[in-house]
Each structure stands twice: as structure tokens, then as C-alpha cells.
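Take a look at the structure below.
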Amino acid sequence: MLPSGLKKQLAAELQEGFVLKRSVFNTCLELHTMNEWNCVMTDVNKLNRFVKKNNDFIRMFTAGVRIVDADSNARIQVPKDLINFAGIEKQVVLASVGKIIEVWDKDQYENAINDAAIDFGALAEEVMGTTCKSTDNE
């Protein structure tokens, strides 16, 4: 079931449906609005399918993709094979990440967030350190 705050934010999209797929980088699922999915697929469809690595990517990227609808109570039924992929046992975390919602098993999400191998300060500096420039003359 979508939380009430998320349900309000996605009110317009609830009628159009969603796409649920395996994440590329994590053991979680990605919930895309239909509009966002169409934008992603516009880019994917520009790839030349006669280039083997492109064809392999498209096959793997779209593996397990499901169109899902929310019912009148804003519940989305997750197919069993996607539940197994994400290792979802009991509790679920919905994490808004940019234009998608990640669907995680609670324990796996906490492990990913608390991964001691990732120095978040260093990562933030490397990724974002040069994107926000100060307008002050320092």
C-alpha cells in the first residue's frame, strides 16, 4: 500500500498505472510512473539493436518489467518473481529516489544505507563538489 503522502503526490499518476522493474545496481525494485517509464524507453529505443551489447543491455534492462495498477486503496500487487529478486521478506521500505520509487526489503535497505565501505562525505564531495558553485568571491 502506498503511504498517504505518496498517494497524494502521485494522485494524477494513480490512474495511468506504473511500471515495476528490477533495479540495475541494487537488489531492490524500481517503481516508475508510466510517464517516466515512457521517457526512459524513448532513450532505450534509440539504441541500435544490431549492436550486440545494446541488444544484451535492452534484454537485461527490461527483464521482469511489469505494468502494475494501484487499486482503489492505492495498493500495488508485486509479482512473486520480483519479490524474490528483491529478497522482500516482511517489511518494505519505499524510498523516493529522483523520479522513481525504490522498493526494498527493510533489512536490505538499512544495510545499503549503513554500508561502512561507503564514505558518504567523500562520495558527496566527489559527485556534487563541483556542481554547486558559490556566487561569492572567496
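Ligands are numbered from 1 in the order shown, residues from 1 within each chain, and chains are lettered A, B, ... in the order they appear in the C-alpha cells.
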
Skip segment 25-30 of chain A itself and residues of its chain fewer than 4 positions away, then list as a list in words all residues within 7 Å of it, counting only C-alpha atoms.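 Returned residues: Leu20, Lys21, Phe85, Ala86, Ile100, Ile101, Glu102, Val103 and Trp104 of chain A.
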
Taking the chain letters and numbering used in this document, name the residues of chain A that DSSP puts in helix (DSSP H, G or I), as number ranges by chain. A: 4-9, 13-15, 34-44, 52-62, 80-86, 106-113, 120-128

What's the 12 Å shell around Met41 of chain A, counting only C-alpha atoms, without same-chain residues fewer than 5 positions away, as a list in words?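 Here the answer would be Val19, His32, Met34, Asn35, Glu36, Lys46, Leu47, Ile58, Phe61, Thr62 and Val65 of chain A.
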
Residues from last step as file, C-alpha atoms, as an mmCIF file, in the first residue's frame:
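Contents of part_0.cif, freshly written:
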data_model
loop_
_atom_site.group_PDB
_atom_site.id
_atom_site.type_symbol
_atom_site.label_atom_id
_atom_site.label_comp_id
_atom_site.auth_asym_id
_atom_site.auth_seq_id
_atom_site.Cartn_x
_atom_site.Cartn_y
_atom_site.Cartn_z
ATOM 1 C CA VAL A 19 5.981 0.089 -14.291
ATOM 2 C CA HIS A 32 8.236 4.207 -12.368
ATOM 3 C CA MET A 34 4.040 5.490 -16.754
ATOM 4 C CA ASN A 35 5.154 8.925 -17.959
ATOM 5 C CA GLU A 36 8.679 8.481 -16.572
ATOM 6 C CA LYS A 46 17.217 4.888 -29.687
ATOM 7 C CA LEU A 47 19.832 2.159 -29.202
ATOM 8 C CA ILE A 58 17.923 -3.926 -23.575
ATOM 9 C CA PHE A 61 17.201 -3.882 -18.553
ATOM 10 C CA THR A 62 13.655 -4.926 -19.415
ATOM 11 C CA VAL A 65 9.286 -5.488 -16.264
#

Name the residues of segment 3-135 of chain A that come out as strand (DSSP E or B) in a backbone DSSP run; write them as JSON, numbers by chain. {"A": [18, 19, 20, 21, 22, 29, 30, 31, 32, 33, 66, 67, 68, 70, 76, 92, 93, 94, 95, 96, 97, 100, 101, 102, 103, 104, 105]}

Between A:Ala63, A:Leu2, A:Val127, A:Val44, which one has atoms that come closest to Val93 of chain A, using only C-alpha atoms?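 So, comparing all the options, the nearest one is A:Leu2.
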
My list of candidates is A:Arg22, A:Lys99, A:Lys7, A:Lys106. Which is closest to Arg66 of chain A when distances are computed with only C-alpha atoms?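 Going through A:Arg22, A:Lys99, A:Lys7, A:Lys106 one by one, the smallest distance to Arg66 of chain A is for A:Arg22.
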
Best match for closeness to Ser96 of chain A among A:Asn73, A:Gln9, A:Gln108, A:Asn38, counting only C-alpha atoms: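 Between A:Asn73, A:Gln9, A:Gln108, A:Asn38, the residue approaching Ser96 of chain A most closely is A:Gln9.
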
Just the number, please: distance in Å from atom CA of Glu125 of chain A to atom CA of Cys39 of chain A, one decimal.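 Computed distance, atom CA of Glu125 of chain A to atom CA of Cys39 of chain A, equals 29.4 Å.
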
Between atom CA of Ser4 of chain A and atom CA of Ser72 of chain A, what distance in Å does the model show, to one decimal? 12.7 Å

List every residue of segment 25-94 of chain A that has an atom at most 9 Å from any atom of segment 11-14 of chain A, giving for each one its closest atom pair and the distance in Å to one decimal, counting only C-alpha atoms, sorted by chain and then by ascending residue number, as a tab-separated table.
residue	atom	partner	partner_atom	distance
A:Thr33	CA	A:Glu13	CA	6.4
A:Met34	CA	A:Glu13	CA	7.5
A:Asn35	CA	A:Glu13	CA	8.2
A:Asp69	CA	A:Leu14	CA	7.4
A:Ala70	CA	A:Leu14	CA	6.2
A:Asp71	CA	A:Leu14	CA	8.6
A:Ala74	CA	A:Leu14	CA	7.6

What is the atom CA of Phe57 of chain A to atom CA of Asp43 of chain A distance in Å?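 Result for atom CA of Phe57 of chain A versus atom CA of Asp43 of chain A: 12.6 Å, one decimal.
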
Nearest residue to Ile67 of chain A from the set A:Val24, A:Leu31, A:Ala116, A:Ala95 (distances using only C-alpha atoms): A:Leu31

Residue nearest Ile88 of chain A - candidates A:Asp119, A:Ile113, A:Asn54, A:Asp107, atoms counted: only C-alpha atoms: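 Nearest candidate to Ile88 of chain A out of A:Asp119, A:Ile113, A:Asn54, A:Asp107: A:Asp107.
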